[in-house]
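Trainee: Contents are mmCIF, C-alpha atoms and all ligand atoms; file name final.cif:
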data_upload
loop_
_atom_site.label_atom_id
_atom_site.label_comp_id
_atom_site.auth_asym_id
_atom_site.auth_seq_id
_atom_site.Cartn_x
_atom_site.Cartn_y
_atom_site.Cartn_z
CA MET A 186 -5.87 -5.19 -5.08
CA ASN A 187 -9.53 -4.71 -6.08
CA VAL A 188 -11.09 -1.29 -5.52
CA LEU A 189 -14.74 -0.73 -6.33
CA VAL A 190 -15.26 2.85 -7.48
CA ILE A 191 -18.78 4.20 -7.02
CA ASN A 192 -20.24 7.38 -8.47
CA ALA A 193 -23.80 7.62 -7.15
CA GLY A 194 -26.28 10.10 -8.59
CA SER A 195 -29.88 10.61 -7.58
CA SER A 196 -31.34 8.04 -10.00
CA SER A 197 -28.22 6.42 -11.42
CA LEU A 198 -25.01 4.87 -10.17
CA LYS A 199 -21.79 4.16 -12.09
CA TYR A 200 -19.26 1.61 -10.91
CA GLN A 201 -15.87 0.18 -11.86
CA LEU A 202 -13.91 -2.63 -10.26
CA MET A 203 -10.27 -1.84 -10.84
CA ASP A 204 -6.70 -2.50 -9.85
CA PRO A 205 -5.30 0.85 -8.64
CA GLN A 206 -1.72 -0.16 -9.45
CA THR A 207 -2.23 -1.12 -13.07
CA GLY A 208 -5.46 0.76 -13.79
CA ASP A 209 -6.89 -2.47 -15.23
CA VAL A 210 -10.70 -2.45 -15.07
CA SER A 211 -12.11 -5.95 -14.58
CA ALA A 212 -15.77 -4.89 -14.78
CA LYS A 213 -17.76 -1.70 -14.98
CA GLY A 214 -21.34 -0.65 -15.40
CA LEU A 215 -24.27 1.51 -14.66
CA CYS A 216 -27.50 1.27 -12.67
CA GLU A 217 -30.20 3.50 -14.10
CA ARG A 218 -33.74 4.46 -13.19
CA ILE A 219 -33.20 3.90 -9.45
CA GLY A 220 -36.45 4.69 -7.64
CA ILE A 221 -38.40 4.29 -10.90
CA ASP A 222 -37.97 0.70 -12.09
CA GLY A 223 -34.31 -0.23 -12.47
CA ARG A 224 -31.85 -1.33 -15.14
CA LEU A 225 -28.32 -2.69 -14.78
CA THR A 226 -25.78 -2.50 -17.59
CA HIS A 227 -22.72 -4.59 -16.74
CA LYS A 228 -19.61 -4.75 -18.94
CA VAL A 229 -16.70 -7.16 -18.78
CA GLY A 230 -14.24 -6.44 -21.58
CA ASP A 231 -16.28 -6.29 -24.77
CA ASN A 232 -19.19 -8.27 -23.28
CA LYS A 233 -22.18 -6.26 -22.20
CA VAL A 234 -25.23 -7.51 -20.30
CA VAL A 235 -28.35 -5.44 -19.71
CA LYS A 236 -30.85 -6.60 -17.07
CA GLU A 237 -34.09 -5.11 -15.82
CA ILE A 238 -33.85 -5.38 -12.01
CA PRO A 239 -36.20 -3.63 -9.57
CA MET A 240 -34.26 -0.87 -7.78
CA PRO A 241 -36.62 0.98 -5.43
CA THR A 242 -33.54 2.42 -3.61
CA HIS A 243 -29.76 2.64 -3.95
CA GLY A 244 -29.61 -0.44 -1.68
CA GLU A 245 -31.06 -2.71 -4.39
CA ALA A 246 -28.89 -1.01 -7.00
CA ILE A 247 -25.66 -1.78 -5.09
CA ALA A 248 -26.94 -5.31 -4.35
CA SER A 249 -27.45 -5.87 -8.09
CA VAL A 250 -23.88 -4.68 -8.73
CA MET A 251 -22.56 -7.16 -6.13
CA GLU A 252 -24.58 -9.98 -7.70
CA ALA A 253 -23.25 -9.17 -11.15
CA LEU A 254 -19.66 -9.00 -9.88
CA VAL A 255 -19.85 -12.49 -8.30
CA ASP A 256 -22.15 -14.06 -10.93
CA ALA A 257 -20.96 -17.41 -12.33
CA GLU A 258 -21.29 -16.18 -15.92
CA ILE A 259 -20.86 -12.43 -15.99
CA GLY A 260 -18.91 -12.04 -12.72
CA VAL A 261 -15.21 -11.33 -12.24
CA ILE A 262 -14.71 -12.29 -8.57
CA LYS A 263 -15.80 -15.31 -6.53
CA SER A 264 -16.95 -13.45 -3.45
CA VAL A 265 -17.66 -9.89 -2.34
CA SER A 266 -14.84 -10.33 0.20
CA GLU A 267 -12.41 -9.99 -2.75
CA ILE A 268 -13.30 -6.29 -2.89
CA ASP A 269 -10.57 -4.73 -0.73
CA ALA A 270 -12.02 -1.23 -0.53
CA VAL A 271 -14.69 1.02 -1.98
CA GLY A 272 -13.94 4.55 -3.24
CA HIS A 273 -16.89 6.94 -3.45
CA ARG A 274 -17.01 10.10 -5.52
CA VAL A 275 -18.45 12.88 -3.35
CA VAL A 276 -19.19 16.15 -5.09
CA HIS A 277 -18.99 18.81 -2.37
CA GLY A 278 -16.53 18.68 0.51
CA GLY A 279 -17.06 22.34 1.43
CA ASN A 280 -14.43 23.89 3.72
CA LYS A 281 -14.18 20.64 5.65
CA PHE A 282 -12.36 18.26 3.33
CA ALA A 283 -9.01 19.16 1.79
CA ASP A 284 -8.24 15.53 0.99
CA SER A 285 -9.80 12.13 0.46
CA CYS A 286 -10.52 10.26 3.69
CA VAL A 287 -11.63 6.93 5.12
CA ILE A 288 -15.34 7.15 5.89
CA ASP A 289 -16.44 7.03 9.52
CA GLU A 290 -19.34 8.63 11.34
CA SER A 291 -17.70 12.05 11.51
CA VAL A 292 -17.06 11.99 7.74
CA ILE A 293 -20.70 11.11 7.08
CA LYS A 294 -21.69 14.03 9.30
CA GLY A 295 -19.27 16.29 7.40
CA ILE A 296 -20.76 15.28 4.04
CA GLU A 297 -24.25 15.90 5.46
CA ASP A 298 -23.13 19.35 6.66
CA CYS A 299 -22.10 20.16 3.06
CA ILE A 300 -25.57 19.37 1.65
CA PRO A 301 -26.55 23.07 1.50
CA LEU A 302 -23.50 23.60 -0.78
CA GLY A 303 -24.19 20.52 -2.95
CA PRO A 304 -27.94 20.01 -2.61
CA LEU A 305 -28.32 17.89 -5.75
CA HIS A 306 -25.29 15.65 -5.41
CA ASN A 307 -24.27 15.13 -1.79
CA PRO A 308 -27.53 13.39 -0.72
CA ALA A 309 -27.17 10.95 -3.64
CA ASN A 310 -23.50 10.35 -2.83
CA LEU A 311 -24.52 9.58 0.77
CA LEU A 312 -27.13 7.07 -0.43
CA GLY A 313 -24.37 5.22 -2.29
CA ILE A 314 -22.12 5.24 0.77
CA THR A 315 -24.74 3.97 3.22
CA ALA A 316 -25.91 1.26 0.81
CA CYS A 317 -22.31 -0.02 0.50
CA GLN A 318 -21.76 0.16 4.26
CA LYS A 319 -24.82 -2.02 4.82
CA LEU A 320 -23.85 -4.62 2.23
CA MET A 321 -20.10 -4.61 3.01
CA PRO A 322 -19.88 -3.65 6.70
CA THR A 323 -16.25 -4.71 7.10
CA THR A 324 -14.89 -3.30 3.83
CA PRO A 325 -13.19 0.11 4.18
CA GLN A 326 -14.98 2.94 2.38
CA VAL A 327 -13.22 6.08 1.21
CA ALA A 328 -14.69 9.44 0.17
CA VAL A 329 -12.97 11.31 -2.67
CA PHE A 330 -14.19 14.89 -3.02
CA ASP A 331 -14.55 16.83 -6.27
CA THR A 332 -13.63 20.01 -4.41
CA ALA A 333 -10.63 18.77 -2.37
CA PHE A 334 -7.88 19.39 -4.95
CA HIS A 335 -8.78 23.08 -5.02
CA MET A 336 -8.40 23.61 -1.27
CA THR A 337 -4.80 24.81 -1.79
CA MET A 338 -6.10 28.07 -3.31
CA ALA A 339 -5.12 31.26 -1.47
CA PRO A 340 -7.84 33.58 -0.07
CA LYS A 341 -7.25 36.05 -2.92
CA ALA A 342 -8.37 33.29 -5.30
CA TYR A 343 -11.19 31.75 -3.30
CA ARG A 344 -12.81 34.74 -1.56
CA TYR A 345 -15.61 36.62 -3.30
CA ALA A 346 -15.57 40.39 -2.91
CA ILE A 347 -18.87 40.42 -1.00
CA PRO A 348 -19.56 41.14 2.70
CA THR A 349 -17.47 38.89 4.97
CA GLU A 350 -20.47 37.54 6.89
CA TYR A 351 -21.46 35.43 3.88
CA TYR A 352 -18.09 33.76 3.98
CA GLU A 353 -17.90 33.42 7.74
CA LYS A 354 -21.48 32.34 8.39
CA ASP A 355 -22.39 30.52 5.19
CA ALA A 356 -18.99 29.41 3.83
CA ILE A 357 -19.72 31.16 0.51
CA ARG A 358 -16.48 31.14 -1.50
CA ARG A 359 -14.97 29.67 -4.63
CA TYR A 360 -14.63 25.89 -4.23
CA GLY A 361 -14.22 24.59 -7.78
CA PHE A 362 -15.11 21.14 -9.13
CA HIS A 363 -13.66 18.38 -11.34
CA GLY A 364 -10.88 18.29 -8.72
CA THR A 365 -10.30 14.56 -9.15
CA SER A 366 -9.79 15.06 -12.88
CA HIS A 367 -7.51 18.08 -12.43
CA LYS A 368 -5.47 16.13 -9.85
CA TYR A 369 -5.17 13.09 -12.11
CA VAL A 370 -4.08 15.17 -15.12
CA ALA A 371 -1.61 17.20 -13.02
CA ARG A 372 0.04 14.01 -11.70
CA ARG A 373 0.06 12.30 -15.06
CA THR A 374 1.52 15.39 -16.75
CA ALA A 375 4.35 15.46 -14.19
CA GLU A 376 5.12 11.85 -15.16
CA LEU A 377 4.88 12.58 -18.88
CA ILE A 378 7.22 15.57 -18.86
CA GLY A 379 9.48 14.13 -16.14
CA GLN A 380 9.28 17.18 -13.86
CA THR A 381 7.55 18.03 -10.60
CA GLU A 382 8.08 21.80 -10.48
CA PHE A 383 6.21 23.54 -13.27
CA LYS A 384 3.24 25.80 -13.97
CA MET A 385 0.35 24.38 -15.90
CA VAL A 386 -3.19 25.21 -16.94
CA ASN A 387 -5.43 22.18 -17.24
CA CYS A 388 -8.44 22.63 -19.52
CA HIS A 389 -11.10 20.05 -18.56
CA LEU A 390 -13.48 20.64 -21.45
CA GLY A 391 -16.50 18.35 -21.56
CA ASN A 392 -20.19 18.84 -21.23
CA GLY A 393 -19.27 20.55 -17.97
CA SER A 394 -16.02 22.47 -18.33
CA SER A 395 -13.54 23.88 -15.86
CA MET A 396 -9.96 25.01 -15.91
CA ALA A 397 -7.33 25.00 -13.18
CA ALA A 398 -4.09 26.92 -12.68
CA ILE A 399 -1.69 24.44 -11.07
CA MET A 400 1.79 25.24 -9.76
CA ASN A 401 4.09 22.40 -8.66
CA GLY A 402 1.09 20.08 -8.48
CA LYS A 403 -0.99 22.42 -6.31
CA CYS A 404 -4.11 24.24 -7.43
CA GLN A 405 -3.74 28.04 -7.45
CA ASP A 406 -7.08 28.95 -9.02
CA THR A 407 -9.98 27.42 -10.88
CA THR A 408 -12.87 28.65 -12.99
CA MET A 409 -15.88 27.09 -11.22
CA GLY A 410 -17.05 28.66 -8.01
CA LEU A 411 -19.45 27.96 -5.15
CA THR A 412 -21.35 25.94 -7.76
CA PRO A 413 -20.36 24.50 -11.16
CA LEU A 414 -22.17 27.34 -12.96
CA ALA A 415 -19.14 29.66 -13.06
CA GLY A 416 -16.26 29.90 -15.50
CA VAL A 417 -16.26 29.19 -19.22
CA PRO A 418 -19.55 28.62 -21.10
CA MET A 419 -20.45 24.92 -21.12
CA GLY A 420 -22.82 22.53 -22.88
CA THR A 421 -25.90 24.00 -21.19
CA ARG A 422 -24.44 26.29 -18.47
CA SER A 423 -23.85 29.98 -19.09
CA GLY A 424 -20.52 30.18 -17.28
CA ASP A 425 -19.56 33.55 -15.80
CA ILE A 426 -22.37 36.07 -15.95
CA ASP A 427 -23.05 39.49 -14.44
CA ALA A 428 -25.31 38.84 -11.41
CA GLY A 429 -27.32 41.86 -12.56
CA VAL A 430 -28.61 39.74 -15.44
CA VAL A 431 -30.43 37.53 -12.93
CA GLN A 432 -32.22 40.52 -11.41
CA PHE A 433 -33.10 41.90 -14.85
CA ILE A 434 -34.53 38.61 -16.15
CA CYS A 435 -36.41 37.85 -12.92
CA ASN A 436 -38.02 41.30 -12.96
CA ASN A 437 -38.79 41.39 -16.68
CA TYR A 438 -40.21 37.88 -16.93
CA ASN A 439 -41.66 37.59 -13.45
CA MET A 440 -39.38 34.62 -12.96
CA SER A 441 -38.20 33.22 -9.63
CA VAL A 442 -34.47 33.16 -8.88
CA ASN A 443 -34.65 29.35 -8.85
CA ASP A 444 -36.20 29.27 -12.32
CA CYS A 445 -33.68 31.75 -13.60
CA LEU A 446 -30.79 29.66 -12.23
CA ASN A 447 -32.34 26.58 -13.78
CA MET A 448 -32.32 28.41 -17.12
CA LEU A 449 -28.66 29.40 -16.61
CA ASN A 450 -27.70 25.81 -15.74
CA LYS A 451 -29.79 23.83 -18.21
CA LYS A 452 -30.81 26.03 -21.13
CA SER A 453 -27.79 28.23 -21.68
CA GLY A 454 -24.18 27.73 -22.78
CA VAL A 455 -23.36 26.58 -26.31
CA LEU A 456 -26.83 25.02 -26.52
CA ALA A 457 -28.42 28.47 -26.28
CA LEU A 458 -25.87 30.18 -28.52
CA SER A 459 -26.45 27.54 -31.20
CA GLY A 460 -30.13 28.52 -31.30
CA ASN A 461 -31.00 25.42 -29.23
CA LEU A 462 -29.57 23.15 -31.90
CA SER A 463 -27.28 21.11 -29.67
CA SER A 464 -24.98 21.12 -26.65
CA ASP A 465 -22.77 18.52 -28.34
CA PHE A 466 -19.60 19.93 -29.87
CA ARG A 467 -19.73 17.39 -32.71
CA ASP A 468 -23.11 18.74 -33.81
CA LEU A 469 -21.84 22.30 -33.50
CA GLU A 470 -18.85 21.45 -35.67
CA ASP A 471 -21.09 19.89 -38.32
CA GLY A 472 -23.45 22.88 -38.13
CA ALA A 473 -20.61 25.37 -38.48
CA LYS A 474 -19.18 23.43 -41.45
CA ASN A 475 -22.60 23.60 -43.10
CA GLY A 476 -22.70 27.36 -42.71
CA ASN A 477 -24.81 27.68 -39.55
CA ALA A 478 -23.59 30.98 -38.06
CA ASP A 479 -25.07 30.26 -34.61
CA CYS A 480 -23.11 27.01 -34.32
CA ALA A 481 -19.96 28.81 -35.41
CA LEU A 482 -20.55 31.54 -32.81
CA ALA A 483 -21.13 28.96 -30.05
CA ARG A 484 -17.76 27.34 -30.75
CA GLU A 485 -16.03 30.69 -31.20
CA LYS A 486 -17.36 32.02 -27.89
CA PHE A 487 -16.32 28.84 -26.08
CA CYS A 488 -12.75 28.90 -27.44
CA TYR A 489 -12.43 32.64 -26.79
CA GLU A 490 -13.39 32.27 -23.13
CA VAL A 491 -11.09 29.25 -22.62
CA ALA A 492 -8.19 31.21 -24.15
CA LYS A 493 -8.98 34.23 -21.93
CA TYR A 494 -8.67 32.08 -18.81
CA VAL A 495 -5.36 30.62 -19.98
CA GLY A 496 -4.14 34.22 -20.30
CA ALA A 497 -5.52 35.11 -16.87
CA TYR A 498 -3.81 32.13 -15.28
CA ALA A 499 -0.54 32.87 -17.06
CA ALA A 500 -0.70 36.25 -15.31
CA ALA A 501 -1.76 34.72 -11.99
CA MET A 502 1.24 32.34 -11.99
CA ASN A 503 3.65 34.72 -13.76
CA GLY A 504 4.00 32.37 -16.71
CA ILE A 505 3.06 28.87 -17.78
CA ASP A 506 5.11 25.88 -18.88
CA VAL A 507 2.39 23.45 -19.92
CA ILE A 508 -1.21 23.55 -21.18
CA THR A 509 -3.19 20.31 -21.01
CA PHE A 510 -6.48 19.43 -22.68
CA THR A 511 -8.73 16.74 -21.24
CA ALA A 512 -12.36 15.41 -21.08
CA GLY A 513 -14.78 14.81 -23.99
CA VAL A 514 -14.13 18.01 -25.95
CA GLY A 515 -10.52 18.58 -24.84
CA GLU A 516 -9.48 15.04 -25.77
CA ASN A 517 -11.41 14.77 -29.03
CA ASP A 518 -11.98 18.15 -30.61
CA GLY A 519 -8.84 19.21 -32.46
CA GLY A 520 -10.65 22.28 -33.81
CA VAL A 521 -11.31 23.61 -30.30
CA ARG A 522 -7.69 22.96 -29.25
CA ALA A 523 -6.34 24.71 -32.34
CA ALA A 524 -8.66 27.71 -31.93
CA VAL A 525 -7.73 28.12 -28.24
CA CYS A 526 -3.99 27.89 -28.98
CA GLU A 527 -4.33 30.35 -31.86
CA TYR A 528 -5.03 33.10 -29.28
CA LEU A 529 -1.92 32.19 -27.27
CA GLY A 530 0.81 32.95 -29.78
CA TYR A 531 1.93 35.85 -27.58
CA LEU A 532 2.87 33.32 -24.89
CA GLY A 533 4.98 31.44 -27.42
CA VAL A 534 2.41 28.65 -27.83
CA LYS A 535 2.79 26.80 -31.13
CA ILE A 536 1.02 23.58 -31.98
CA ASP A 537 1.73 21.12 -34.77
CA PRO A 538 -1.47 20.62 -36.83
CA GLU A 539 -0.51 17.03 -37.63
CA LYS A 540 0.10 16.07 -34.01
CA ASN A 541 -3.13 17.86 -33.07
CA ASN A 542 -5.04 15.72 -35.53
CA CYS A 543 -5.73 12.93 -33.02
CA ARG A 544 -8.25 11.87 -30.40
CA GLY A 545 -8.14 10.58 -26.86
CA LYS A 546 -4.43 9.77 -26.75
CA GLU A 547 -1.66 10.98 -24.45
CA VAL A 548 0.29 13.11 -26.88
CA LYS A 549 2.30 16.32 -26.97
CA ILE A 550 0.76 18.47 -29.69
CA SER A 551 3.09 21.48 -29.44
CA THR A 552 6.07 21.95 -31.74
CA ASP A 553 9.61 21.48 -30.41
CA ASP A 554 10.20 25.24 -30.49
CA SER A 555 6.95 26.11 -28.67
CA LYS A 556 7.72 28.03 -25.43
CA VAL A 557 4.85 26.22 -23.73
CA GLN A 558 4.30 22.46 -24.00
CA VAL A 559 0.75 21.59 -25.03
CA TRP A 560 -0.53 18.09 -24.30
CA ILE A 561 -3.66 16.00 -24.62
CA VAL A 562 -3.89 13.99 -21.39
CA PRO A 563 -7.06 11.85 -21.26
CA THR A 564 -8.54 12.05 -17.79
CA ASN A 565 -9.28 9.05 -15.59
CA GLU A 566 -11.24 10.12 -12.53
CA GLU A 567 -12.02 6.52 -11.57
CA LEU A 568 -8.34 5.61 -11.47
CA MET A 569 -7.60 8.66 -9.30
CA ILE A 570 -10.39 7.62 -6.91
CA ALA A 571 -9.06 4.05 -6.82
CA GLN A 572 -5.48 5.26 -6.19
CA ASP A 573 -6.53 7.63 -3.38
CA THR A 574 -8.59 4.79 -1.88
CA ALA A 575 -5.70 2.32 -2.06
CA GLU A 576 -3.28 4.82 -0.51
CA LEU A 577 -5.61 5.44 2.42
CA VAL A 578 -6.47 1.82 3.25
CA LYS A 579 -3.09 0.16 2.71
P1 LIG B 601 -19.27 15.17 -18.96
O1 LIG B 601 -18.43 14.16 -18.24
O2 LIG B 601 -19.09 16.57 -18.49
O3 LIG B 601 -20.71 14.78 -19.15
P2 LIG B 601 -17.60 14.52 -21.23
O4 LIG B 601 -16.26 14.86 -20.69
O5 LIG B 601 -17.93 13.10 -21.44
O6 LIG B 601 -18.74 15.25 -20.43
O7 LIG B 601 -17.77 15.30 -22.63
C1 LIG B 601 -18.93 15.18 -23.37
C2 LIG B 601 -18.82 16.09 -24.56
O8 LIG B 601 -17.64 15.75 -25.30
C3 LIG B 601 -19.96 15.91 -25.53
O9 LIG B 601 -20.96 16.85 -25.27
C4 LIG B 601 -19.33 16.19 -26.86
O10 LIG B 601 -19.61 17.52 -27.20
C5 LIG B 601 -17.85 16.08 -26.65
N1 LIG B 601 -17.27 15.06 -27.51
C6 LIG B 601 -17.23 13.74 -27.32
N2 LIG B 601 -16.62 13.13 -28.37
C7 LIG B 601 -16.27 14.10 -29.22
C8 LIG B 601 -15.64 14.13 -30.50
N3 LIG B 601 -15.23 13.03 -31.10
N4 LIG B 601 -15.45 15.34 -31.08
C9 LIG B 601 -15.87 16.47 -30.48
N5 LIG B 601 -16.47 16.50 -29.29
C10 LIG B 601 -16.69 15.34 -28.68
#
Now that the file is in, can you turn its structure into structure tokens?
Mentor:
Amino acid sequence: MNVLVINAGSSSLKYQLMDPQTGDVSAKGLCERIGIDGRLTHKVGDNKVVKEIPMPTHGEAIASVMEALVDAEIGVIKSVSEIDAVGHRVVHGGNKFADSCVIDESVIKGIEDCIPLGPLHNPANLLGITACQKLMPTTPQVAVFDTAFHMTMAPKAYRYAIPTEYYEKDAIRRYGFHGTSHKYVARRTAELIGQTEFKMVNCHLGNGSSMAAIMNGKCQDTTMGLTPLAGVPMGTRSGDIDAGVVQFICNNYNMSVNDCLNMLNKKSGVLALSGNLSSDFRDLEDGAKNGNADCALAREKFCYEVAKYVGAYAAAMNGIDVITFTAGVGENDGGVRAAVCEYLGYLGVKIDPEKNNCRGKEVKISTDDSKVQVWIVPTNEELMIAQDTAELVK
């Protein structure tokens, strides 16, 4: 089976053509500068082709993807009809979507209704969907929501302690993000440890970071909230912050709330703590090794907050059996993993420094006598989207 996975942003669009059973990717690529000029990067195995193609809208971008996929030289299929289904990443499913679903008019309407909750992403996701519907009118399209996995949270986890009207009228609550990644890692971890009933904390640590408390495969709590700003500090996002800080900064600097939130989303996090040196953990590691105290503090603060949430979730679930690390930092940065686990000795967490000295591989890094298993489980959001899509259209 061939599933085309689409992740449409406002000016870019990522795609992968994959077999959901094997996870084999026959082609993948990226359309960039949509609405500006347009560039397609198409990869088949180790071969990469870059083409400048006008892309005034997402329609031309998707059309260029189709052309590349069926091209005599760089293509991997003979005809677009060989694409059995399309799976779309949709960022915000609000209160409406607790699972992936086949796209029809009511689903489109539902995604539109969630635009106030995901004003940057949902409109772009919709552009990707409608462009595919036009070019492949008979091919089933599936929406896979970043928020859906977290819909199993109980009210005590998802409600904010603010007046009820904001929840009832405006659907303001904790939603959480990276759900497709958390779901993939939870399922894969169950396979790896050969159990289905266990308590885990998944640490998705990348440029954007979130953590999820997962019991028997179901999300109990997660660090991000109504928006992806909440939780641990990230590359450029502050993470959790006293709302009073917003008032203070707006008043003192005559700043609008929008500008202040822009600062908290784009100019904060480890970037800010490092003295604006970098949001990339590799640069921070180099900086810290060369004696830059700001870089060291940025990494220290990050690891401290991640460890605090593991502790909070151990309390929330009355114990944990497994900790998993995933995404760019979680999969690659052994120093971050070691520093986080260092705090968790009281839970019986013990990692083996030699096993931890690896990157991007599925590997158990805890010692045999550790009370909690610790794993690196590389995420694969595209595969999860393809598998959900296949399940729904079969
Ligand atoms: P996102 O999907 O949120 O943009 P990723 O999950 O791709 O982010 O993670 C990107 C981050 O991963 C980079 O900012 C970088 O700090 C970190 N990263 C990638 N490779 C390494 C590495 N080898 N060592 C340490 N950190 C790394």
Trainee: Edge lengths and centre, in Å to one decimal, as lines of an AutoDock Vina configuration file: that's what I need for the box along x, y and z that holds all listed atoms of ligand LIG 601 (chain B) plus 3 Å on each side.
Mentor:
center_x = -18.1
center_y = 15.3
center_z = -24.7
size_x = 11.7
size_y = 10.5
size_z = 18.9
Trainee: Which stretch 224-272 of chain A residues have any atom within 10 Å of an atom of stretch 310-318 of chain A, and for each, what is the nearest pair of atoms with distance in Å to one decimal, counting all atoms listed in the file, rows sorted by chain and number, as CSV?
Mentor:
residue,atom,partner,partner_atom,distance
A:Thr242,CA,A:Leu312,CA,8.5
A:His243,CA,A:Gly313,CA,6.2
A:Gly244,CA,A:Ala316,CA,4.8
A:Glu245,CA,A:Ala316,CA,8.3
A:Ala246,CA,A:Ala316,CA,8.7
A:Ile247,CA,A:Ala316,CA,6.6
A:Ala248,CA,A:Ala316,CA,8.4
A:Met251,CA,A:Cys317,CA,9.7
A:Val271,CA,A:Cys317,CA,8.1
A:Gly272,CA,A:Ile314,CA,9.1
Trainee: I need the residue nearest ligand LIG 601 (chain B) from this list: A:Lys213, A:His389, A:Lys233, A:Lys556. Use only C-alpha atoms and all ligand atoms for the distance.
Mentor: A:His389
Trainee: Which residues sit within 6 Å of ligand LIG 601 (chain B), counting all atoms listed in the file, listed as a PDB file with C-alpha atoms, keeping the file's coordinate frame?
Mentor:
ATOM      1  CA  GLY A 391     -16.500  18.350 -21.560  1.00  0.00           C
ATOM      2  CA  ASN A 392     -20.190  18.840 -21.230  1.00  0.00           C
ATOM      3  CA  GLY A 393     -19.270  20.550 -17.970  1.00  0.00           C
ATOM      4  CA  ASP A 465     -22.770  18.520 -28.340  1.00  0.00           C
ATOM      5  CA  PHE A 466     -19.600  19.930 -29.870  1.00  0.00           C
ATOM      6  CA  ARG A 467     -19.730  17.390 -32.710  1.00  0.00           C
ATOM      7  CA  ALA A 512     -12.360  15.410 -21.080  1.00  0.00           C
ATOM      8  CA  GLY A 513     -14.780  14.810 -23.990  1.00  0.00           C
ATOM      9  CA  VAL A 514     -14.130  18.010 -25.950  1.00  0.00           C
ATOM     10  CA  ASN A 517     -11.410  14.770 -29.030  1.00  0.00           C
ATOM     11  CA  ASP A 518     -11.980  18.150 -30.610  1.00  0.00           C
TER      12      ASP A 518
END
Trainee: What is the distance between atom CA of A:Cys543 and atom CA of A:Val559, in Å to one decimal?
Mentor: 13.4 Å
Trainee: Between A:Glu217, A:Asn477, A:Pro418, A:Ile238, which is the closest to A:Lys452 once you count only C-alpha atoms?
Mentor: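 Under the stated criterion, the closest residue is A:Pro418.
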Trainee: State, in Å with one decimal place, the distance from atom CA of A:Ile191 to atom CA of A:Arg274.
Mentor: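 Rounded to one decimal, the two atoms are 6.3 Å apart.
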Trainee: Taking 6 positions as the minimum chain separation for residues in the same chain, which residues sit within 10 Å of A:Met419 when counting all atoms listed in the file? Answer as a list in words.
Mentor: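 So the residues in contact are Leu390, Gly391, Asn392, Gly393, Ser394, Ser395, Pro413, Asn450, Lys451, Ser453, Gly454, Val455, Leu456, Ser464, Asp465, Ala483 and Phe487 of chain A.
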Trainee: Excluding same-chain residues fewer than 3 positions from A:Ile259, what lies within 10 Å of it counting all atoms listed in the file, as a list in words?
Mentor: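 In the requested format, the answer is Ala212, His227, Lys228, Val229, Asn232, Lys233, Val234, Glu252, Ala253, Leu254, Val255, Asp256 and Ile262 of chain A.
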Trainee: Print the selection's residues with C-alpha atoms to a file, as a PDB file, keeping the file's coordinate frame.
Mentor:
ATOM      1  CA  ALA A 212     -15.770  -4.890 -14.780  1.00  0.00           C
ATOM      2  CA  HIS A 227     -22.720  -4.590 -16.740  1.00  0.00           C
ATOM      3  CA  LYS A 228     -19.610  -4.750 -18.940  1.00  0.00           C
ATOM      4  CA  VAL A 229     -16.700  -7.160 -18.780  1.00  0.00           C
ATOM      5  CA  ASN A 232     -19.190  -8.270 -23.280  1.00  0.00           C
ATOM      6  CA  LYS A 233     -22.180  -6.260 -22.200  1.00  0.00           C
ATOM      7  CA  VAL A 234     -25.230  -7.510 -20.300  1.00  0.00           C
ATOM      8  CA  GLU A 252     -24.580  -9.980  -7.700  1.00  0.00           C
ATOM      9  CA  ALA A 253     -23.250  -9.170 -11.150  1.00  0.00           C
ATOM     10  CA  LEU A 254     -19.660  -9.000  -9.880  1.00  0.00           C
ATOM     11  CA  VAL A 255     -19.850 -12.490  -8.300  1.00  0.00           C
ATOM     12  CA  ASP A 256     -22.150 -14.060 -10.930  1.00  0.00           C
ATOM     13  CA  ILE A 262     -14.710 -12.290  -8.570  1.00  0.00           C
TER      14      ILE A 262
END
Trainee: Write out as a list in words each polymer residue whose atoms come within 9 Å of A:Asp554, counting all atoms listed in the file; drop sequence neighbours fewer than 2 positions from it.
Mentor: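 The neighbour list is Gly533, Val534, Lys535, Ser551, Thr552, Lys556 and Val557 of chain A.
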Trainee: Kindly export the residues of the current selection with C-alpha atoms, as a compact mmCIF listing (two decimals), keeping the file's coordinate frame.
Mentor:
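Okay, this is what ended up in part.txt:
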# COMPACT_ATOMS: atom_id res chain seq x y z
CA GLY A 533 4.98 31.44 -27.42
CA VAL A 534 2.41 28.65 -27.83
CA LYS A 535 2.79 26.80 -31.13
CA SER A 551 3.09 21.48 -29.44
CA THR A 552 6.07 21.95 -31.74
CA LYS A 556 7.72 28.03 -25.43
CA VAL A 557 4.85 26.22 -23.73
Trainee: How far is it from atom CA of A:Thr349 to atom CA of A:Asp427, in Å with one decimal?
Mentor: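 Result for atom CA of A:Thr349 versus atom CA of A:Asp427: 20.2 Å, one decimal.
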Trainee: Calculated over all atoms listed in the file, which of the candidates A:Val190, A:Ile508, A:Lys341, A:Gly424 has the smallest distance to A:Leu202?
Mentor: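 Of all the options, A:Val190 lies closest to A:Leu202.
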